[in-house]
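K.L.:
Got a structure for you, questions after.
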Amino acid sequence: METSVDAVPSLWVAAHDVDARRPRSLQRQLGASDTVCERRAAYILAETAPTDETDKRAAILGTYIHEGLLGAARSEYGWLVERAVADDTIKGHIDAVQLDAETSASVPARHRPKVPAAGGVTVEDVKTKTTFLWDKVRRYGASEAELRQVYLYADLLRTTGFQNVRGQRYLAKLGPLEVARIRFRFVNRDNGEEHIQEFPFDPMEATRARWWVQRVRELNSPEEARRDFDGPGLDAICDHCPFMTACWGLPERPGTPVQTVLIHDDADRAQTLADYVRGHELESQGKKIKALARKKIANSEAGVYGRNELAWGGENPKWDLDVEAMVDLHEDAGIPVPMVPDEKRMVDNLKEAGLAVPERKSSDTTPRTIIVRPFKA
């Protein structure tokens, strides 16, 4: 007995409902994670109602991975996980705090890390990324928005300490902590690969992050805020923004991109055409540089050279249709064999009859391909 697919509820409906009830989804104060874009932060501060419902499946999967990894870090390493920090202007939840030995001595023994942070109190932020973005993460590390977010967390911990709320009042008693290090832990959402970026806490960067928030708070309206991304269809941040329509509006004509709102006069058109020409020139120059580099490196062995790792792919066997075998299959199945060799027709006949199309390995191979990725020691 089969059950109708329509009668089976989607787990994603439940997942979206649960996500909508999370504290982060319900909070109305500006959160550190909302500082990804100046205009989005301005809409939140202005208490603007969201104008768009977006598909959050990828983000929800990232949250599940996030929670599982941080839960393991809490139980196995004794790290402080998902701890609240806040002041009058901003709030957030730090993914993980690894206390040093001196600070650990001031908290109950059951809350001390099994291995204290050697370089001082360390604030960690966990980010999940797709394979599509993985090479960029390994090569360049955290983005400007991600750095701003974690510096806001760290500065809140440094200036106000842990928030005095249920479940962490014993931590609030510690007061402000001297944050020594920042750590990003990037996790590949597709294959689990891990990449660590760690560096000393920089007070100047924390001040810059604070200035960023203060500047947004001083705006008279969200429309005065800068758009930090290029808009829907060009940046995923915009595609999944709850204020996308408020920010960009609707197309002037159906089928046209919303970015047309950025053109106001002929001066804008002249600058946009100049940008287009400059982009074309950069693209052409980049292709020439890559083409020459590809030919120069053609005889080199795979290996690590400086900051990059060279690997070779391709050169796999090609498969051709086995015409003789197809003729035999036609005869065995009682299918008329075309009088004039017609590979397409024979393939269609076999597929229609539910028979596998026979192939044979040819002497040719696929082209050799170059793979260049950042070297990870």
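Residue numbers start at 1 in each chain; chains themselves are named A, B, ... in the order of the structure tokens; ligands are numbered from 1 in the order shown.
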Which neighbours of region 139-146 of chain A fall inside 8 Å, counting only C-alpha atoms, when residues of the same chain fewer than 6 positions from it are skipped, and could you give them as a ChimeraX atom specification?
P.N.:
/A:35-37,184,197,374
K.L.:
Next, write the just-selected residues to a file, as a PDB file, in the first residue's frame, keeping all heavy atoms as the atom set.
P.N.:
```
ATOM      1  N   THR A  35      24.932  43.128  11.215  1.00  0.00           N
ATOM      2  CA  THR A  35      25.780  44.195  10.684  1.00  0.00           C
ATOM      3  C   THR A  35      26.440  43.811   9.368  1.00  0.00           C
ATOM      4  O   THR A  35      27.417  44.424   8.959  1.00  0.00           O
ATOM      5  CB  THR A  35      26.871  44.576  11.710  1.00  0.00           C
ATOM      6  OG1 THR A  35      27.717  43.436  11.963  1.00  0.00           O
ATOM      7  CG2 THR A  35      26.249  45.038  13.020  1.00  0.00           C
ATOM      8  N   VAL A  36      25.898  42.812   8.706  1.00  0.00           N
ATOM      9  CA  VAL A  36      26.447  42.381   7.421  1.00  0.00           C
ATOM     10  C   VAL A  36      26.298  43.476   6.367  1.00  0.00           C
ATOM     11  O   VAL A  36      27.093  43.583   5.439  1.00  0.00           O
ATOM     12  CB  VAL A  36      25.774  41.071   6.952  1.00  0.00           C
ATOM     13  CG1 VAL A  36      24.289  41.280   6.696  1.00  0.00           C
ATOM     14  CG2 VAL A  36      26.450  40.510   5.728  1.00  0.00           C
ATOM     15  N   CYS A  37      25.262  44.309   6.509  1.00  0.00           N
ATOM     16  CA  CYS A  37      24.989  45.361   5.533  1.00  0.00           C
ATOM     17  C   CYS A  37      24.468  46.590   6.262  1.00  0.00           C
ATOM     18  O   CYS A  37      23.628  46.480   7.163  1.00  0.00           O
ATOM     19  CB  CYS A  37      23.955  44.872   4.512  1.00  0.00           C
ATOM     20  SG  CYS A  37      23.333  46.148   3.387  1.00  0.00           S
ATOM     21  N   PHE A 184      38.448  32.153  13.888  1.00  0.00           N
ATOM     22  CA  PHE A 184      37.378  31.724  12.993  1.00  0.00           C
ATOM     23  C   PHE A 184      37.574  30.240  12.692  1.00  0.00           C
ATOM     24  O   PHE A 184      38.684  29.802  12.397  1.00  0.00           O
ATOM     25  CB  PHE A 184      37.409  32.503  11.672  1.00  0.00           C
ATOM     26  CG  PHE A 184      36.804  33.875  11.758  1.00  0.00           C
ATOM     27  CD1 PHE A 184      37.609  34.985  11.968  1.00  0.00           C
ATOM     28  CD2 PHE A 184      35.442  34.055  11.625  1.00  0.00           C
ATOM     29  CE1 PHE A 184      37.062  36.252  12.048  1.00  0.00           C
ATOM     30  CE2 PHE A 184      34.875  35.320  11.705  1.00  0.00           C
ATOM     31  CZ  PHE A 184      35.687  36.425  11.921  1.00  0.00           C
ATOM     32  N   GLN A 197      41.329  30.133  11.118  1.00  0.00           N
ATOM     33  CA  GLN A 197      41.996  31.424  10.991  1.00  0.00           C
ATOM     34  C   GLN A 197      42.022  32.060  12.379  1.00  0.00           C
ATOM     35  O   GLN A 197      40.990  32.371  12.956  1.00  0.00           O
ATOM     36  CB  GLN A 197      41.248  32.328  10.002  1.00  0.00           C
ATOM     37  CG  GLN A 197      41.886  33.703   9.814  1.00  0.00           C
ATOM     38  CD  GLN A 197      41.019  34.633   8.970  1.00  0.00           C
ATOM     39  OE1 GLN A 197      39.897  34.283   8.584  1.00  0.00           O
ATOM     40  NE2 GLN A 197      41.523  35.818   8.672  1.00  0.00           N
ATOM     41  N   PRO A 374      44.762  27.117  -2.706  1.00  0.00           N
ATOM     42  CA  PRO A 374      45.679  27.616  -1.675  1.00  0.00           C
ATOM     43  C   PRO A 374      46.252  26.474  -0.861  1.00  0.00           C
ATOM     44  O   PRO A 374      45.537  25.522  -0.508  1.00  0.00           O
ATOM     45  CB  PRO A 374      44.802  28.546  -0.829  1.00  0.00           C
ATOM     46  CG  PRO A 374      43.410  28.106  -1.100  1.00  0.00           C
ATOM     47  CD  PRO A 374      43.392  27.589  -2.497  1.00  0.00           C
TER      48      PRO A 374
END
```
K.L.:
Tell me which protein, DNA and RNA residues are within 12 Å of Val347 (chain A), counting only C-alpha atoms, leaving out same-chain ones fewer than 4 positions away, and put them as a list in words.
P.N.:
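That gives Leu321, Asp322, Val323, Ala325, Met326, Val327, Leu329, His330, Ile335, Val337, Pro338, Pro341, Asp342, Glu343, Lys351, Glu352, Ala353, Gly354, Leu355, Ala356, Val357, Pro358 and Glu359 of chain A.
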K.L.:
Those residues with N, CA and C atoms, as a tab-separated table (two decimals), in the first residue's frame please?
P.N.:
```
chain	number	residue	atom	x	y	z
A	321	LEU	N	30.01	5.25	-28.64
A	321	LEU	CA	28.93	4.28	-28.86
A	321	LEU	C	29.49	3.05	-29.58
A	322	ASP	N	29.08	1.87	-29.12
A	322	ASP	CA	29.51	0.62	-29.75
A	322	ASP	C	28.44	0.22	-30.77
A	323	VAL	N	28.65	0.63	-32.03
A	323	VAL	CA	27.65	0.42	-33.07
A	323	VAL	C	27.37	-1.06	-33.29
A	325	ALA	N	27.66	-3.56	-31.23
A	325	ALA	CA	26.87	-4.11	-30.13
A	325	ALA	C	25.42	-3.64	-30.21
A	326	MET	N	25.20	-2.40	-30.67
A	326	MET	CA	23.84	-1.91	-30.81
A	326	MET	C	23.09	-2.70	-31.88
A	327	VAL	N	23.77	-3.03	-32.97
A	327	VAL	CA	23.13	-3.83	-34.02
A	327	VAL	C	22.72	-5.18	-33.45
A	329	LEU	N	22.04	-5.95	-30.37
A	329	LEU	CA	20.91	-5.77	-29.46
A	329	LEU	C	19.61	-5.59	-30.24
A	330	HIS	N	19.66	-4.83	-31.33
A	330	HIS	CA	18.47	-4.65	-32.15
A	330	HIS	C	17.96	-6.00	-32.65
A	335	ILE	N	14.12	-5.63	-32.98
A	335	ILE	CA	13.92	-4.25	-33.41
A	335	ILE	C	14.56	-4.07	-34.78
A	337	VAL	N	16.73	-2.98	-37.70
A	337	VAL	CA	18.00	-2.25	-37.75
A	337	VAL	C	17.94	-1.25	-38.90
A	338	PRO	N	18.24	0.03	-38.65
A	338	PRO	CA	18.24	1.01	-39.75
A	338	PRO	C	19.16	0.56	-40.88
A	341	PRO	N	23.45	3.46	-41.38
A	341	PRO	CA	23.89	3.68	-40.00
A	341	PRO	C	23.36	5.00	-39.45
A	342	ASP	N	22.58	4.91	-38.39
A	342	ASP	CA	21.98	6.09	-37.78
A	342	ASP	C	22.08	5.92	-36.26
A	343	GLU	N	23.18	6.42	-35.68
A	343	GLU	CA	23.44	6.19	-34.26
A	343	GLU	C	22.34	6.77	-33.38
A	351	LYS	N	16.67	2.92	-26.02
A	351	LYS	CA	16.11	3.56	-24.82
A	351	LYS	C	14.61	3.31	-24.72
A	352	GLU	N	13.93	3.39	-25.87
A	352	GLU	CA	12.48	3.16	-25.88
A	352	GLU	C	12.15	1.73	-25.47
A	353	ALA	N	13.06	0.80	-25.82
A	353	ALA	CA	12.85	-0.60	-25.46
A	353	ALA	C	13.33	-0.92	-24.05
A	354	GLY	N	13.88	0.08	-23.36
A	354	GLY	CA	14.35	-0.14	-21.99
A	354	GLY	C	15.67	-0.88	-21.92
A	355	LEU	N	16.47	-0.81	-22.99
A	355	LEU	CA	17.76	-1.51	-23.03
A	355	LEU	C	18.91	-0.53	-22.85
A	356	ALA	N	19.98	-0.99	-22.20
A	356	ALA	CA	21.15	-0.15	-21.99
A	356	ALA	C	21.86	0.09	-23.31
A	357	VAL	N	22.33	1.31	-23.51
A	357	VAL	CA	23.06	1.66	-24.73
A	357	VAL	C	24.52	1.26	-24.55
A	358	PRO	N	25.01	0.33	-25.37
A	358	PRO	CA	26.40	-0.15	-25.18
A	358	PRO	C	27.43	0.89	-25.63
A	359	GLU	N	28.50	0.99	-24.85
A	359	GLU	CA	29.60	1.89	-25.17
A	359	GLU	C	30.92	1.12	-25.06
```
K.L.:
Between CA of Arg226 (chain A) and CA of Val123 (chain A), what is the spacing in Å?
P.N.:
29.0 Å
K.L.:
Could you write out, as a ChimeraX atom specification, all the residues of region 68-154 of chain A that DSSP marks as alpha helix (DSSP H)?
P.N.:
/A:68-77,101-104,131-140,144-154
K.L.:
Can you list, as a PDB file with N, CA and C atoms, in the first residue's frame, every protein, DNA or RNA residue that comes within 12 Å of Leu30 (chain A) when you count only C-alpha atoms, leaving out same-chain residues fewer than 2 positions away?
P.N.:
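New file around-v7.pdb:
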```pdb
ATOM      1  N   ARG A  24      17.015  34.470  18.240  1.00  0.00           N
ATOM      2  CA  ARG A  24      17.650  35.375  17.288  1.00  0.00           C
ATOM      3  C   ARG A  24      16.643  35.892  16.262  1.00  0.00           C
ATOM      4  N   SER A  25      15.658  35.062  15.927  1.00  0.00           N
ATOM      5  CA  SER A  25      14.650  35.486  14.953  1.00  0.00           C
ATOM      6  C   SER A  25      13.647  36.459  15.573  1.00  0.00           C
ATOM      7  N   LEU A  26      13.468  36.361  16.904  1.00  0.00           N
ATOM      8  CA  LEU A  26      12.451  37.172  17.571  1.00  0.00           C
ATOM      9  C   LEU A  26      13.006  38.485  18.116  1.00  0.00           C
ATOM     10  N   GLN A  27      14.331  38.566  18.307  1.00  0.00           N
ATOM     11  CA  GLN A  27      14.878  39.771  18.924  1.00  0.00           C
ATOM     12  C   GLN A  27      14.685  40.988  18.019  1.00  0.00           C
ATOM     13  N   ARG A  28      14.485  42.133  18.634  1.00  0.00           N
ATOM     14  CA  ARG A  28      14.257  43.364  17.895  1.00  0.00           C
ATOM     15  C   ARG A  28      15.427  44.338  18.024  1.00  0.00           C
ATOM     16  N   ALA A  32      24.777  41.679  16.482  1.00  0.00           N
ATOM     17  CA  ALA A  32      26.056  41.757  15.766  1.00  0.00           C
ATOM     18  C   ALA A  32      25.975  41.070  14.416  1.00  0.00           C
ATOM     19  N   SER A  33      25.183  39.995  14.317  1.00  0.00           N
ATOM     20  CA  SER A  33      25.057  39.279  13.046  1.00  0.00           C
ATOM     21  C   SER A  33      24.245  40.059  12.015  1.00  0.00           C
ATOM     22  N   ASP A  34      23.589  41.143  12.457  1.00  0.00           N
ATOM     23  CA  ASP A  34      22.816  41.979  11.527  1.00  0.00           C
ATOM     24  C   ASP A  34      23.664  43.050  10.865  1.00  0.00           C
ATOM     25  N   THR A  35      24.932  43.128  11.215  1.00  0.00           N
ATOM     26  CA  THR A  35      25.780  44.195  10.684  1.00  0.00           C
ATOM     27  C   THR A  35      26.440  43.811   9.368  1.00  0.00           C
ATOM     28  N   VAL A  36      25.898  42.812   8.706  1.00  0.00           N
ATOM     29  CA  VAL A  36      26.447  42.381   7.421  1.00  0.00           C
ATOM     30  C   VAL A  36      26.298  43.476   6.367  1.00  0.00           C
ATOM     31  N   GLU A  38      24.961  47.761   5.880  1.00  0.00           N
ATOM     32  CA  GLU A  38      24.575  48.993   6.557  1.00  0.00           C
ATOM     33  C   GLU A  38      23.074  49.256   6.445  1.00  0.00           C
ATOM     34  N   ARG A  40      20.618  47.063   5.849  1.00  0.00           N
ATOM     35  CA  ARG A  40      19.833  46.087   6.618  1.00  0.00           C
ATOM     36  C   ARG A  40      19.830  46.467   8.101  1.00  0.00           C
ATOM     37  N   ALA A  41      20.983  46.852   8.627  1.00  0.00           N
ATOM     38  CA  ALA A  41      21.050  47.267  10.028  1.00  0.00           C
ATOM     39  C   ALA A  41      20.156  48.478  10.275  1.00  0.00           C
ATOM     40  N   ALA A  42      20.123  49.414   9.317  1.00  0.00           N
ATOM     41  CA  ALA A  42      19.293  50.611   9.466  1.00  0.00           C
ATOM     42  C   ALA A  42      17.808  50.254   9.492  1.00  0.00           C
ATOM     43  N   TYR A  43      17.397  49.299   8.673  1.00  0.00           N
ATOM     44  CA  TYR A  43      15.994  48.879   8.688  1.00  0.00           C
ATOM     45  C   TYR A  43      15.627  48.274  10.047  1.00  0.00           C
ATOM     46  N   ILE A  44      16.531  47.496  10.621  1.00  0.00           N
ATOM     47  CA  ILE A  44      16.258  46.877  11.919  1.00  0.00           C
ATOM     48  C   ILE A  44      16.165  47.940  13.008  1.00  0.00           C
ATOM     49  N   LEU A  45      17.073  48.895  13.000  1.00  0.00           N
ATOM     50  CA  LEU A  45      17.039  49.958  13.996  1.00  0.00           C
ATOM     51  C   LEU A  45      15.775  50.811  13.870  1.00  0.00           C
ATOM     52  N   ALA A  46      15.294  50.963  12.626  1.00  0.00           N
ATOM     53  CA  ALA A  46      14.069  51.744  12.396  1.00  0.00           C
ATOM     54  C   ALA A  46      12.810  50.919  12.648  1.00  0.00           C
ATOM     55  N   GLU A  47      13.007  49.655  13.048  1.00  0.00           N
ATOM     56  CA  GLU A  47      11.891  48.735  13.309  1.00  0.00           C
ATOM     57  C   GLU A  47      10.994  48.591  12.084  1.00  0.00           C
ATOM     58  N   ALA A  86      25.798  41.852  25.629  1.00  0.00           N
ATOM     59  CA  ALA A  86      24.947  42.963  25.186  1.00  0.00           C
ATOM     60  C   ALA A  86      25.317  44.235  25.931  1.00  0.00           C
ATOM     61  N   ASP A  87      25.006  45.358  25.286  1.00  0.00           N
ATOM     62  CA  ASP A  87      25.014  46.651  25.960  1.00  0.00           C
ATOM     63  C   ASP A  87      23.800  47.427  25.467  1.00  0.00           C
ATOM     64  N   ASP A  88      23.793  48.736  25.610  1.00  0.00           N
ATOM     65  CA  ASP A  88      22.616  49.511  25.242  1.00  0.00           C
ATOM     66  C   ASP A  88      22.412  49.632  23.733  1.00  0.00           C
ATOM     67  N   THR A  89      23.444  49.336  22.932  1.00  0.00           N
ATOM     68  CA  THR A  89      23.348  49.568  21.498  1.00  0.00           C
ATOM     69  C   THR A  89      23.279  48.297  20.667  1.00  0.00           C
ATOM     70  N   ILE A  90      23.831  47.194  21.174  1.00  0.00           N
ATOM     71  CA  ILE A  90      23.920  45.988  20.355  1.00  0.00           C
ATOM     72  C   ILE A  90      23.987  44.762  21.245  1.00  0.00           C
ATOM     73  N   LYS A  91      23.574  43.637  20.695  1.00  0.00           N
ATOM     74  CA  LYS A  91      23.636  42.394  21.456  1.00  0.00           C
ATOM     75  C   LYS A  91      24.032  41.260  20.531  1.00  0.00           C
ATOM     76  N   GLY A  92      24.370  40.128  21.101  1.00  0.00           N
ATOM     77  CA  GLY A  92      24.734  38.981  20.279  1.00  0.00           C
ATOM     78  C   GLY A  92      24.984  37.758  21.131  1.00  0.00           C
ATOM     79  N   GLN A 149      31.566  41.503  12.716  1.00  0.00           N
ATOM     80  CA  GLN A 149      30.670  40.787  13.618  1.00  0.00           C
ATOM     81  C   GLN A 149      31.423  40.218  14.820  1.00  0.00           C
ATOM     82  N   LEU A 152      32.688  42.835  17.239  1.00  0.00           N
ATOM     83  CA  LEU A 152      31.626  43.360  18.092  1.00  0.00           C
ATOM     84  C   LEU A 152      31.367  42.419  19.261  1.00  0.00           C
ATOM     85  N   VAL A 213      28.634  50.772  13.762  1.00  0.00           N
ATOM     86  CA  VAL A 213      27.300  50.722  14.371  1.00  0.00           C
ATOM     87  C   VAL A 213      26.821  52.123  14.730  1.00  0.00           C
ATOM     88  N   GLN A 214      27.699  52.938  15.290  1.00  0.00           N
ATOM     89  CA  GLN A 214      27.306  54.281  15.691  1.00  0.00           C
ATOM     90  C   GLN A 214      26.878  55.103  14.482  1.00  0.00           C
ATOM     91  N   VAL A 216      25.509  54.056  11.723  1.00  0.00           N
ATOM     92  CA  VAL A 216      24.166  53.616  11.308  1.00  0.00           C
ATOM     93  C   VAL A 216      23.105  54.167  12.249  1.00  0.00           C
ATOM     94  N   ARG A 217      23.398  54.187  13.523  1.00  0.00           N
ATOM     95  CA  ARG A 217      22.426  54.695  14.508  1.00  0.00           C
ATOM     96  C   ARG A 217      22.153  56.180  14.323  1.00  0.00           C
TER      97      ARG A 217
END
```
K.L.:
Please determine, counting only C-alpha atoms, which residue among A:Arg210, A:Arg110, A:Glu193, A:Thr51 has the shortest atom-to-atom distance to Leu250 (chain A).
P.N.:
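Result for the nearest residue to Leu250 (chain A): A:Thr51.
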K.L.:
Between A:Asp155, A:Asp125, A:Asp52, A:Glu223, which residue has the minimum interatomic distance to Val81 (chain A), considering only C-alpha atoms?
P.N.:
A:Asp125
K.L.:
Could you list, as a PyMOL selection string, every residue within 6 Å of region 368-371 of chain A, counting only C-alpha atoms and ignoring same-chain residues fewer than 2 positions away?
P.N.:
chain A and resi 310-315
